[in-house]
Amino acid sequence: MEIVNKISYFVLPCVVILVAIIILVGKRDYFSCFLRGAKGGLKSAFGLIPSMCALIIGVNMLFASGATEIITGFFAPLLEKIGVPSDILPLILTRPLSFGASLASFTDIVDRCGVDSLSALCASVIMSSTDTVFYVACVYFSSSEIKKTRYFLPVALFVSLLSVFLSCMVTRLFF
């Protein structure tokens, strides 16, 4: 482990020096290439602002309305029957929407149930094996200007629910 730490100190400076040598020796105008890339990146970033604002407002409205508590109360008995702890239901609801909201839900689960509880272990596996579906759709489809997403949303939400179930099953097997 100590040798890995020593090597890691030299990786970044070596990469910077290698890039500098390529720029100095190379025949192309790398600064122009950099400026074109930066210009394209700024264009993409500004194109994402409206959809990101809509996503943030929607998530905040969902929590402010109390809809998450109503949904949690409705689905808790069903999830308990299939082996998913009802404590993680707020995480299941927030994970497809927002990383920040799901991180807050995860922290709440760990604080309430303890780090070694089944709920916290399931939540840990869910956090590492699922993604924010709506954020990904917002970013990728907005930047590539895809208007017809066809079956993306139903399939992505189904895969998220499947990964929640499998995460809890694997957690029960190993812990």
# chains A, B, ... in the order shown; residues from 1 in each chain; ligands from 1
call {"tool": "residues_around", "arguments": {"residues": "range 97-108 of chain A", "least_positions_apart": "5", "cutoff": "6 Å", "atoms": "only C-alpha atoms", "output": "PyMOL selection string"}}
result
chain A and resi 91+132+134
call {"tool": "residues_around", "arguments": {"residues": "range 143-147 of chain A", "least_positions_apart": "5", "cutoff": "10 Å", "atoms": "only C-alpha atoms", "output": "PyMOL selection string"}}
result
chain A and resi 41+43-48+137-138
call {"tool": "residues_around", "arguments": {"residues": "range 67-76 of chain A", "least_positions_apart": "5", "cutoff": "7 Å", "atoms": "only C-alpha atoms", "output": "PyMOL selection string"}}
result
chain A and resi 62+86+89-90
call {"tool": "residues_around", "arguments": {"residues": "Val164 in chain A", "least_positions_apart": "4", "cutoff": "10 Å", "atoms": "only C-alpha atoms", "output": "ChimeraX atom specification"}}
result
/A:84,88,91-92,122-123,125-127,129-130,158-160,168-170
call {"tool": "atom_distance", "arguments": {"atom1": "CA of Arg28 in chain A", "atom2": "CA of Pro13 in chain A"}}
result
23.1 Å
call {"tool": "residues_around", "arguments": {"residues": "Leu157 in chain A", "least_positions_apart": "5", "cutoff": "10 Å", "atoms": "only C-alpha atoms", "output": "VMD selection string"}}
result
chain A and resid 96 132 to 134 152 162 to 163
call {"tool": "atom_distance", "arguments": {"atom1": "CA of Ile56 in chain A", "atom2": "CA of Ser128 in chain A"}}
result
22.0 Å
call {"tool": "select_by_dssp", "arguments": {"residues": "range 16-155 of chain A", "states": "helix (DSSP H, G or I)", "output": "VMD selection string"}}
result
chain A and resid 16 to 25 30 to 65 67 to 81 86 to 94 99 to 113 118 to 129 133 to 143 152 to 155
